[in-house]
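Undergrad: Coordinates in protein-v5.pdb, PDB, C-alpha atoms and all ligand atoms, are listed below.
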```pdb
MODEL        1
ATOM      1  CA  MET A   3       3.320  22.416 -29.704
ATOM      2  CA  ARG A   4       2.498  24.840 -26.920
ATOM      3  CA  LEU A   5       4.831  25.473 -24.024
ATOM      4  CA  ARG A   6       3.907  23.360 -20.986
ATOM      5  CA  HIS A   7       4.673  24.004 -17.312
ATOM      6  CA  PHE A   8       4.203  21.776 -14.260
ATOM      7  CA  LEU A   9       3.096  24.101 -11.462
ATOM      8  CA  THR A  10       0.370  21.842 -10.063
ATOM      9  CA  LEU A  11      -0.971  18.373 -10.897
ATOM     10  CA  ARG A  12      -3.853  20.138 -12.635
ATOM     11  CA  ASP A  13      -1.546  21.318 -15.422
ATOM     12  CA  PHE A  14      -1.645  17.770 -16.823
ATOM     13  CA  THR A  15      -4.624  15.621 -17.773
ATOM     14  CA  PRO A  16      -5.301  12.390 -15.845
ATOM     15  CA  GLU A  17      -4.220  10.499 -18.992
ATOM     16  CA  GLU A  18      -0.918  12.392 -19.155
ATOM     17  CA  LEU A  19      -0.297  11.779 -15.460
ATOM     18  CA  GLY A  20      -1.011   8.067 -15.854
ATOM     19  CA  ALA A  21       1.374   7.852 -18.815
ATOM     20  CA  LEU A  22       4.016   9.716 -16.818
ATOM     21  CA  ILE A  23       3.800   7.195 -13.961
ATOM     22  CA  ASN A  24       4.136   4.287 -16.417
ATOM     23  CA  ARG A  25       7.081   5.974 -18.110
ATOM     24  CA  ALA A  26       8.738   6.571 -14.713
ATOM     25  CA  ILE A  27       8.460   2.838 -13.959
ATOM     26  CA  GLU A  28      10.031   2.078 -17.355
ATOM     27  CA  LEU A  29      12.865   4.577 -16.799
ATOM     28  CA  LYS A  30      13.514   3.006 -13.381
ATOM     29  CA  ALA A  31      13.838  -0.449 -14.965
ATOM     30  CA  MET A  32      16.262   0.978 -17.546
ATOM     31  CA  HIS A  33      18.265   2.587 -14.740
ATOM     32  CA  ASP A  34      18.340  -0.687 -12.783
ATOM     33  CA  ARG A  35      19.636  -2.480 -15.911
ATOM     34  CA  GLN A  36      22.338   0.246 -16.089
ATOM     35  CA  GLU A  37      21.184   1.136 -19.596
ATOM     36  CA  LEU A  38      22.742   4.341 -20.863
ATOM     37  CA  TYR A  39      19.856   6.614 -21.902
ATOM     38  CA  GLN A  40      20.887  10.154 -22.776
ATOM     39  CA  PRO A  41      18.022  11.906 -24.568
ATOM     40  CA  LEU A  42      19.106  15.419 -23.534
ATOM     41  CA  PRO A  43      22.714  16.003 -24.602
ATOM     42  CA  GLY A  44      23.642  19.642 -24.217
ATOM     43  CA  LYS A  45      20.361  20.538 -22.501
ATOM     44  CA  VAL A  46      20.580  22.690 -19.383
ATOM     45  CA  MET A  47      18.302  22.950 -16.352
ATOM     46  CA  ALA A  48      18.387  25.956 -14.005
ATOM     47  CA  MET A  49      17.465  25.004 -10.450
ATOM     48  CA  VAL A  50      16.347  27.947  -8.305
ATOM     49  CA  PHE A  51      16.203  27.111  -4.600
ATOM     50  CA  GLU A  52      14.890  29.726  -2.160
ATOM     51  CA  LYS A  53      14.403  27.002   0.483
ATOM     52  CA  SER A  54      16.565  24.065   1.590
ATOM     53  CA  SER A  55      16.472  20.684  -0.120
ATOM     54  CA  THR A  56      18.187  17.316  -0.177
ATOM     55  CA  ARG A  57      15.971  15.016  -2.282
ATOM     56  CA  THR A  58      14.707  17.550  -4.803
ATOM     57  CA  ARG A  59      18.109  19.012  -5.552
ATOM     58  CA  VAL A  60      19.875  15.679  -5.895
ATOM     59  CA  SER A  61      17.108  14.015  -7.921
ATOM     60  CA  PHE A  62      16.950  16.854 -10.467
ATOM     61  CA  GLU A  63      20.738  17.134 -10.727
ATOM     62  CA  ALA A  64      21.041  13.371 -11.166
ATOM     63  CA  THR A  65      18.241  13.453 -13.774
ATOM     64  CA  MET A  66      20.158  15.916 -15.918
ATOM     65  CA  ALA A  67      23.483  14.086 -15.441
ATOM     66  CA  HIS A  68      21.940  10.712 -16.382
ATOM     67  CA  PHE A  69      20.199  12.262 -19.390
ATOM     68  CA  GLY A  70      23.481  13.693 -20.730
ATOM     69  CA  GLY A  71      22.564  17.286 -19.881
ATOM     70  CA  HIS A  72      23.610  19.674 -17.145
ATOM     71  CA  ALA A  73      22.017  21.360 -14.126
ATOM     72  CA  ILE A  74      22.913  24.711 -12.551
ATOM     73  CA  PHE A  75      22.116  25.283  -8.871
ATOM     74  CA  LEU A  76      21.040  28.850  -8.079
ATOM     75  CA  SER A  77      20.157  30.321  -4.705
ATOM     76  CA  PRO A  78      19.130  33.839  -3.664
ATOM     77  CA  ARG A  79      22.296  34.030  -1.562
ATOM     78  CA  ASP A  80      24.513  34.201  -4.606
ATOM     79  CA  THR A  81      22.270  35.452  -7.430
ATOM     80  CA  GLN A  82      20.665  38.829  -8.089
ATOM     81  CA  LEU A  83      17.319  37.323  -7.032
ATOM     82  CA  GLY A  84      18.424  37.801  -3.433
ATOM     83  CA  ARG A  85      19.200  41.462  -4.177
ATOM     84  CA  GLY A  86      15.736  42.235  -5.484
ATOM     85  CA  GLU A  87      15.962  41.657  -9.255
ATOM     86  CA  PRO A  88      12.317  41.219 -10.329
ATOM     87  CA  ILE A  89      11.067  37.669 -10.897
ATOM     88  CA  GLU A  90       9.835  38.637 -14.367
ATOM     89  CA  ASP A  91      13.294  39.816 -15.422
ATOM     90  CA  THR A  92      14.985  36.722 -13.990
ATOM     91  CA  ALA A  93      12.528  34.511 -15.871
ATOM     92  CA  ARG A  94      13.115  36.356 -19.153
ATOM     93  CA  VAL A  95      16.899  36.105 -18.807
ATOM     94  CA  LEU A  96      17.233  32.524 -17.520
ATOM     95  CA  SER A  97      14.804  31.165 -20.090
ATOM     96  CA  ARG A  98      16.935  32.591 -22.914
ATOM     97  CA  MET A  99      19.926  30.638 -21.629
ATOM     98  CA  VAL A 100      18.581  27.289 -20.422
ATOM     99  CA  ASP A 101      16.082  24.691 -21.669
ATOM    100  CA  ILE A 102      14.065  24.042 -18.515
ATOM    101  CA  ILE A 103      13.761  25.673 -15.083
ATOM    102  CA  MET A 104      12.914  24.208 -11.691
ATOM    103  CA  ILE A 105      11.942  26.478  -8.792
ATOM    104  CA  ARG A 106      11.461  25.977  -5.045
ATOM    105  CA  THR A 107      10.069  29.102  -3.437
ATOM    106  CA  TYR A 108       7.562  30.538  -0.926
ATOM    107  CA  GLU A 109       4.484  32.188  -2.495
ATOM    108  CA  HIS A 110       2.878  30.141  -5.266
ATOM    109  CA  GLU A 111       2.153  33.410  -7.125
ATOM    110  CA  LYS A 112       5.894  33.846  -7.574
ATOM    111  CA  ILE A 113       6.241  30.665  -9.623
ATOM    112  CA  GLU A 114       3.106  31.574 -11.617
ATOM    113  CA  CYS A 115       4.659  34.941 -12.414
ATOM    114  CA  PHE A 116       7.957  33.270 -13.327
ATOM    115  CA  ALA A 117       6.219  30.794 -15.649
ATOM    116  CA  ALA A 118       4.221  33.575 -17.312
ATOM    117  CA  HIS A 119       7.484  35.258 -18.333
ATOM    118  CA  SER A 120       9.461  32.135 -19.228
ATOM    119  CA  GLN A 121      10.069  30.827 -22.753
ATOM    120  CA  VAL A 122      10.880  27.352 -21.412
ATOM    121  CA  PRO A 123       9.034  24.847 -19.195
ATOM    122  CA  VAL A 124       8.925  25.660 -15.474
ATOM    123  CA  ILE A 125       8.619  22.952 -12.804
ATOM    124  CA  ASN A 126       7.288  23.574  -9.301
ATOM    125  CA  ALA A 127       9.786  21.991  -6.929
ATOM    126  CA  LEU A 128       7.674  23.122  -3.918
ATOM    127  CA  THR A 129       5.878  26.297  -2.976
ATOM    128  CA  ASP A 130       3.965  27.145   0.193
ATOM    129  CA  MET A 131       0.866  25.861  -1.645
ATOM    130  CA  TYR A 132       1.890  22.745  -3.591
ATOM    131  CA  HIS A 133       4.533  20.045  -4.010
ATOM    132  CA  PRO A 134       3.420  18.225  -7.181
ATOM    133  CA  CYS A 135       6.754  16.459  -7.930
ATOM    134  CA  GLN A 136       6.455  14.616  -4.627
ATOM    135  CA  LEU A 137       3.020  13.330  -5.619
ATOM    136  CA  LEU A 138       4.404  11.833  -8.834
ATOM    137  CA  ALA A 139       6.831   9.808  -6.692
ATOM    138  CA  ASP A 140       4.140   8.880  -4.137
ATOM    139  CA  ILE A 141       1.675   7.642  -6.743
ATOM    140  CA  MET A 142       4.426   5.800  -8.621
ATOM    141  CA  THR A 143       5.417   4.034  -5.379
ATOM    142  CA  TYR A 144       1.824   3.049  -4.652
ATOM    143  CA  VAL A 145       1.393   1.696  -8.185
ATOM    144  CA  GLU A 146       4.631  -0.308  -7.951
ATOM    145  CA  LEU A 147       3.697  -1.870  -4.632
ATOM    146  CA  ARG A 148      -0.090  -2.211  -4.816
ATOM    147  CA  GLY A 149      -1.286  -1.435  -8.352
ATOM    148  CA  SER A 150      -3.681   1.345  -9.399
ATOM    149  CA  ILE A 151      -4.607   3.900  -6.726
ATOM    150  CA  GLN A 152      -7.984   4.570  -8.382
ATOM    151  CA  GLY A 153     -10.835   4.041  -5.916
ATOM    152  CA  ARG A 154      -8.424   3.548  -2.984
ATOM    153  CA  LYS A 155      -8.726   5.204   0.404
ATOM    154  CA  VAL A 156      -5.887   7.506   1.426
ATOM    155  CA  ALA A 157      -5.550   9.048   4.912
ATOM    156  CA  TRP A 158      -3.742  12.373   5.313
ATOM    157  CA  ILE A 159      -2.945  12.875   9.001
ATOM    158  CA  SER A 160      -1.122  16.193   9.359
ATOM    159  CA  ASP A 161      -1.236  19.878   8.553
ATOM    160  CA  GLY A 162      -3.403  21.174   5.682
ATOM    161  CA  ASN A 163      -0.167  22.236   3.963
ATOM    162  CA  ASN A 164       1.458  22.174   0.505
ATOM    163  CA  MET A 165       1.650  18.358   0.497
ATOM    164  CA  CYS A 166      -1.985  18.097   1.604
ATOM    165  CA  HIS A 167      -3.035  20.451  -1.214
ATOM    166  CA  SER A 168      -1.180  18.294  -3.720
ATOM    167  CA  TYR A 169      -2.871  15.194  -2.279
ATOM    168  CA  LEU A 170      -6.231  16.925  -2.806
ATOM    169  CA  ASN A 171      -5.324  17.588  -6.444
ATOM    170  CA  ALA A 172      -4.094  14.009  -6.788
ATOM    171  CA  ALA A 173      -7.371  12.653  -5.382
ATOM    172  CA  VAL A 174      -9.176  14.308  -8.305
ATOM    173  CA  GLN A 175      -6.605  13.528 -11.005
ATOM    174  CA  PHE A 176      -5.978   9.906  -9.972
ATOM    175  CA  ASP A 177      -9.542   9.365  -8.697
ATOM    176  CA  PHE A 178      -9.104   8.225  -5.085
ATOM    177  CA  GLN A 179     -10.751   9.189  -1.794
ATOM    178  CA  LEU A 180      -8.769  11.324   0.650
ATOM    179  CA  THR A 181      -9.623  11.584   4.349
ATOM    180  CA  ILE A 182      -7.858  14.468   6.042
ATOM    181  CA  ALA A 183      -7.370  14.625   9.810
ATOM    182  CA  CYS A 184      -5.977  17.904  11.134
ATOM    183  CA  PRO A 185      -6.488  20.078  14.225
ATOM    184  CA  GLU A 186      -8.877  23.018  14.069
ATOM    185  CA  GLY A 187      -7.208  26.031  12.489
ATOM    186  CA  TYR A 188      -4.866  23.902  10.351
ATOM    187  CA  GLU A 189      -7.301  23.006   7.570
ATOM    188  CA  PRO A 190      -6.278  23.054   3.907
ATOM    189  CA  ASN A 191      -6.951  26.141   1.787
ATOM    190  CA  SER A 192     -10.700  26.396   1.145
ATOM    191  CA  ALA A 193     -10.359  27.025  -2.627
ATOM    192  CA  VAL A 194      -8.236  23.887  -3.014
ATOM    193  CA  LEU A 195     -10.771  21.911  -0.966
ATOM    194  CA  GLU A 196     -13.637  23.244  -3.036
ATOM    195  CA  LYS A 197     -12.020  22.088  -6.272
ATOM    196  CA  ALA A 198     -11.634  18.583  -4.820
ATOM    197  CA  ALA A 199     -15.306  18.288  -3.806
ATOM    198  CA  GLY A 200     -16.491  14.677  -3.831
ATOM    199  CA  HIS A 201     -12.974  13.339  -3.352
ATOM    200  CA  PHE A 202     -12.259  14.232   0.281
ATOM    201  CA  THR A 203     -13.606  14.078   3.837
ATOM    202  CA  LEU A 204     -12.346  16.286   6.653
ATOM    203  CA  VAL A 205     -12.284  14.764  10.173
ATOM    204  CA  ARG A 206     -10.770  15.700  13.531
ATOM    205  CA  ASP A 207      -9.759  12.267  14.724
ATOM    206  CA  PRO A 208      -6.643  10.608  13.229
ATOM    207  CA  ALA A 209      -7.940   7.092  14.003
ATOM    208  CA  THR A 210     -11.157   7.836  12.075
ATOM    209  CA  ALA A 211      -9.117   9.038   9.086
ATOM    210  CA  ALA A 212      -6.959   5.898   9.137
ATOM    211  CA  ARG A 213      -9.887   3.462   9.332
ATOM    212  CA  ASP A 214      -9.721   1.019   6.385
ATOM    213  CA  ALA A 215      -7.147   3.187   4.599
ATOM    214  CA  ASP A 216      -4.969   1.688   1.866
ATOM    215  CA  LEU A 217      -2.349   4.369   2.362
ATOM    216  CA  VAL A 218      -1.535   6.522   5.401
ATOM    217  CA  VAL A 219       0.465   9.702   4.778
ATOM    218  CA  THR A 220       1.895  12.340   7.069
ATOM    219  CA  ASP A 221       4.300  15.283   6.898
ATOM    220  CA  VAL A 222       6.096  17.639   9.277
ATOM    221  CA  TRP A 223       3.934  19.757  11.577
ATOM    222  CA  ALA A 224       5.898  22.931  10.793
ATOM    223  CA  SER A 225       6.877  23.391   7.164
ATOM    224  CA  MET A 226       9.805  25.425   5.861
ATOM    225  CA  GLY A 227       9.076  29.064   6.597
ATOM    226  CA  GLN A 228       7.000  28.204   9.713
ATOM    227  CA  GLU A 229       9.929  27.749  12.104
ATOM    228  CA  ASP A 230       8.517  30.472  14.422
ATOM    229  CA  GLU A 231       5.334  28.446  14.891
ATOM    230  CA  GLN A 232       7.153  25.241  15.853
ATOM    231  CA  ASN A 233       6.149  25.287  19.559
ATOM    232  CA  THR A 234       2.504  26.220  19.005
ATOM    233  CA  ARG A 235       2.223  23.555  16.323
ATOM    234  CA  MET A 236       3.806  20.884  18.541
ATOM    235  CA  GLN A 237       0.974  21.531  21.020
ATOM    236  CA  ALA A 238      -1.793  21.644  18.423
ATOM    237  CA  PHE A 239      -0.708  18.429  16.671
ATOM    238  CA  GLN A 240       0.073  16.343  19.788
ATOM    239  CA  ARG A 241      -2.757  13.851  19.100
ATOM    240  CA  PHE A 242      -1.836  13.520  15.428
ATOM    241  CA  GLN A 243       1.213  11.254  15.481
ATOM    242  CA  VAL A 244       1.039   8.287  13.102
ATOM    243  CA  ASP A 245       1.988   5.380  15.374
ATOM    244  CA  ASN A 246       1.253   1.656  15.472
ATOM    245  CA  ALA A 247      -2.222   2.253  16.940
ATOM    246  CA  ILE A 248      -3.113   4.473  13.957
ATOM    247  CA  MET A 249      -1.650   2.012  11.442
ATOM    248  CA  ALA A 250      -3.684  -0.762  13.108
ATOM    249  CA  MET A 251      -6.876   1.083  12.068
ATOM    250  CA  ALA A 252      -5.860   0.905   8.396
ATOM    251  CA  LYS A 253      -6.126  -2.140   6.128
ATOM    252  CA  PRO A 254      -3.625  -4.872   7.034
ATOM    253  CA  ASP A 255      -1.704  -4.292   3.789
ATOM    254  CA  ALA A 256      -1.800  -0.480   4.052
ATOM    255  CA  LEU A 257       1.341   1.445   3.185
ATOM    256  CA  PHE A 258       2.849   4.364   5.078
ATOM    257  CA  MET A 259       4.399   7.326   3.217
ATOM    258  CA  HIS A 260       6.152  10.555   4.198
ATOM    259  CA  CYS A 261       7.806  12.976   1.766
ATOM    260  CA  LEU A 262      10.728  13.431   4.212
ATOM    261  CA  PRO A 263      12.549  14.922   6.023
ATOM    262  CA  ALA A 264      10.783  13.262   8.985
ATOM    263  CA  HIS A 265      10.821  13.922  12.709
ATOM    264  CA  ARG A 266      10.587  10.595  14.545
ATOM    265  CA  GLY A 267       8.596  11.029  17.753
ATOM    266  CA  GLU A 268       6.621  13.984  16.319
ATOM    267  CA  GLU A 269       4.427  13.369  13.241
ATOM    268  CA  VAL A 270       5.477   9.699  13.032
ATOM    269  CA  SER A 271       6.774   7.150  15.496
ATOM    270  CA  ALA A 272      10.079   5.394  14.741
ATOM    271  CA  GLU A 273       8.291   2.013  14.740
ATOM    272  CA  VAL A 274       6.065   3.120  11.847
ATOM    273  CA  ILE A 275       8.586   4.925   9.629
ATOM    274  CA  ASP A 276      11.180   2.192  10.171
ATOM    275  CA  GLY A 277       8.585  -0.592  10.155
ATOM    276  CA  PRO A 278       7.393  -3.096   7.526
ATOM    277  CA  GLN A 279       4.539  -0.958   6.141
ATOM    278  CA  SER A 280       6.765   2.027   5.467
ATOM    279  CA  ALA A 281       7.532   2.758   1.806
ATOM    280  CA  VAL A 282       9.502   5.945   2.462
ATOM    281  CA  TRP A 283      12.876   4.924   0.982
ATOM    282  CA  GLN A 284      11.342   3.665  -2.251
ATOM    283  CA  GLU A 285       9.199   6.818  -2.270
ATOM    284  CA  ALA A 286      12.324   8.990  -1.939
ATOM    285  CA  GLU A 287      14.187   7.084  -4.673
ATOM    286  CA  ASN A 288      11.211   7.430  -6.974
ATOM    287  CA  ARG A 289      11.640  11.206  -6.993
ATOM    288  CA  LEU A 290      14.501  10.547  -9.417
ATOM    289  CA  HIS A 291      12.586   8.287 -11.786
ATOM    290  CA  ALA A 292       9.330  10.270 -11.717
ATOM    291  CA  GLN A 293      11.118  13.544 -12.413
ATOM    292  CA  LYS A 294      13.060  11.939 -15.257
ATOM    293  CA  ALA A 295       9.710  11.123 -16.848
ATOM    294  CA  LEU A 296       8.523  14.677 -16.153
ATOM    295  CA  VAL A 297      11.575  16.386 -17.666
ATOM    296  CA  GLU A 298      11.488  14.084 -20.701
ATOM    297  CA  PHE A 299       7.794  14.865 -21.205
ATOM    298  CA  LEU A 300       8.147  18.633 -20.825
ATOM    299  CA  LEU A 301      11.100  18.859 -23.192
ATOM    300  CA  SER A 302       9.576  16.628 -25.834
ATOM    301  CA  ALA A 303       6.201  18.395 -25.535
ATOM    302  CA  LYS A 304       7.988  21.635 -26.384
ATOM    303  CA  THR A 305       9.633  20.248 -29.506
ATOM    304  CA  PRO A 306       7.444  20.800 -32.604
TER     305      PRO A 306
HETATM  306  N1  LIG A 401      10.592  15.634  -0.043
HETATM  307  C1  LIG A 401      11.397  16.653  -0.425
HETATM  308  O1  LIG A 401      11.029  17.485  -1.242
HETATM  309  O2  LIG A 401      12.623  16.652   0.164
HETATM  310  P1  LIG A 401      13.704  17.821   0.089
HETATM  311  O3  LIG A 401      13.165  18.997   0.883
HETATM  312  O4  LIG A 401      14.928  17.233   0.729
HETATM  313  O5  LIG A 401      13.936  18.202  -1.332
HETATM  314  N1  LIG A 402       5.581  20.481   3.997
HETATM  315  C1  LIG A 402       7.025  20.401   3.943
HETATM  316  C2  LIG A 402       7.453  19.519   2.822
HETATM  317  C3  LIG A 402       8.963  19.340   2.718
HETATM  318  C4  LIG A 402       9.377  18.517   1.518
HETATM  319  C5  LIG A 402       7.602  21.796   3.796
HETATM  320  O1  LIG A 402       7.056  22.586   3.007
HETATM  321  O2  LIG A 402       8.584  22.099   4.471
ENDMDL
END
```
Kindly return the structure encoded in the file as C-alpha cells.

TA:
Amino acid sequence: MRLRHFLTLRDFTPEELGALINRAIELKAMHDRQELYQPLPGKVMAMVFEKSSTRTRVSFEATMAHFGGHAIFLSPRDTQLGRGEPIEDTARVLSRMVDIIMIRTYEHEKIECFAAHSQVPVINALTDMYHPCQLLADIMTYVELRGSIQGRKVAWISDGNNMCHSYLNAAVQFDFQLTIACPEGYEPNSAVLEKAAGHFTLVRDPATAARDADLVVTDVWASMGQEDEQNTRMQAFQRFQVDNAIMAMAKPDALFMHCLPAHRGEEVSAEVIDGPQSAVWQEAENRLHAQKALVEFLLSAKTP
C-alpha cells in the first residue's frame, strides 16, 4: 500500500475520518477498561518540536508507550535542525531510523517538504496553517457528547488562524456549517476559504456567529510565533470574548470547545470555560485516543 501522511484533514477521505473517530472511541473504551493493547512493539516515533507543547507532546508519547513502542523527543535546540541542517536531509535520515514522524513547526511548506523526503508517515502536530490532530479530538468529543456533527452549526469566534483553517477543512470533510466571526484584517487564508465554499459564513459580530450554534469554539488571539503582536491583537479582538452572553445566543445544549492553552478573561471568560457547557477537558483527553487511532491507521496503512 502507498505511504500515507496526515498533513491536513484533506489527506484522508470523509469515510476514513469517520472510521478513525469510531476507532478512537473504541480505543478509549479499551483504555478505560485497562485492557493491554500493544500493536506496535519495537516501533519508534520521532517527535520534532520547533514550538512549545504540553498536550501534543504528552499524548503522542503516551500513545507510543501504551502501544508498546517508543517515542523520541527532538527539538532544534539540541539537534542539527537548529544549526541549519536542511529539512530534506533530516527527513531522509530520520525516516531510515524510525517508523513514524510527528512534526510541530512554523511554515506549512516545511512539513510538506519533510513529508516529500520521508520514507515513513509524517503527522502534522501543528503548523502556522493547520492543526489537524486537534480537530480529530474535537470531532470525537462532539460525537461522544452529542452524536454526529453532520449538518450541525459550529461557531468559530477568534482569529482566522491554524485552528480556524482546520475547522474549515473539517466543515467540508465532516459536512457541517461553520460561521466565523473575526475582526477585519484577521480573516482566514483566502485559498483555504475558497476550498470550503458552501460550508462557511464570515461575519463580524460574535453574537451573530453564535446564534443557534450547536458548538462554539475559540482559540488564543495571538498564536505561537505572534508574541510581538500580542498588544495590537488584544485591542483588535476586544469584542470577541466568548462569555455567557455569547453562549446564550447558541442552542441551549450547545457545547464550548477550546484547543488550549486558554487565557481566561481574553478569548474566553472563566464562567464559560469552567462552566457546564464546556467540554475542554474531555477534548484535551481525546487527543490521546484520537491520535492512537491515527498512528494505528498510518502504520497499518503502510504495511503491505
Ligand atoms: N492544543 C494543543 O495542541 O496543545 P499543546 O500546544 O499543549 O500541544
Ligand atoms: N492557534 C494556537 C493553537 C495552540 C494549540 C497556536 O498556534 O499557538

Undergrad: Go ahead and compute the interatomic distance for atom CA of A:Arg213 and atom CA of A:Asp276, in Å to one decimal.

TA: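 Taking atom CA of A:Arg213 and atom CA of A:Asp276, their separation equals 21.1 Å.
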
Undergrad: Per residue of chain A within 8 Å of ligand LIG 402 (chain A), note the shortest atom pair and the distance in Å to one decimal, counting only C-alpha atoms and all ligand atoms, and order the rows by chain and increasing residue number, as a Markdown table.

TA:
```
| residue | atom | partner | partner_atom | distance |
| --- | --- | --- | --- | --- |
| A:Ser55 | CA | A:LIG402 | C4 | 7.6 |
| A:Leu128 | CA | A:LIG402 | O1 | 7.0 |
| A:Thr129 | CA | A:LIG402 | O1 | 7.1 |
| A:Asp130 | CA | A:LIG402 | O1 | 6.2 |
| A:His133 | CA | A:LIG402 | C2 | 7.4 |
| A:Gln136 | CA | A:LIG402 | C4 | 7.8 |
| A:Asn163 | CA | A:LIG402 | N1 | 6.0 |
| A:Asn164 | CA | A:LIG402 | N1 | 5.7 |
| A:Met165 | CA | A:LIG402 | N1 | 5.7 |
| A:Asp221 | CA | A:LIG402 | N1 | 6.1 |
| A:Val222 | CA | A:LIG402 | N1 | 6.0 |
| A:Trp223 | CA | A:LIG402 | N1 | 7.8 |
| A:Ala224 | CA | A:LIG402 | O2 | 6.9 |
| A:Ser225 | CA | A:LIG402 | O2 | 3.4 |
| A:Met226 | CA | A:LIG402 | O2 | 3.8 |
| A:Gly227 | CA | A:LIG402 | O2 | 7.3 |
| A:Cys261 | CA | A:LIG402 | C4 | 5.8 |
| A:Leu262 | CA | A:LIG402 | C4 | 5.9 |
| A:Pro263 | CA | A:LIG402 | C4 | 6.6 |
```

Undergrad: Counting all atoms listed in the file, which residue out of A:Pro43, A:Gly86, A:Gly200, A:Pro134 sits closest to ligand LIG 401 (chain A)?

TA: A:Pro134

Undergrad: Please write as an MDAnalysis selection string the full residue list that the PyMOL selection byres (((chain A and resi 14-29) around 10) and not hetatm) yields on this file.

TA: chainID A and resid 6:13 30:35 37 39 138:143 145:146 150 172 174:177 288:296 298:299

Undergrad: Taking all atoms of stretch 81-88 of chain A that appear in the file, build a box with edges along x, y and z, extend it by 8 Å on every side, and state its centre and edge lengths in Å to one decimal, as JSON.

TA:
```
{"center_x": 17.3, "center_y": 38.8, "center_z": -6.9, "size_x": 26.0, "size_y": 22.8, "size_z": 22.9}
```
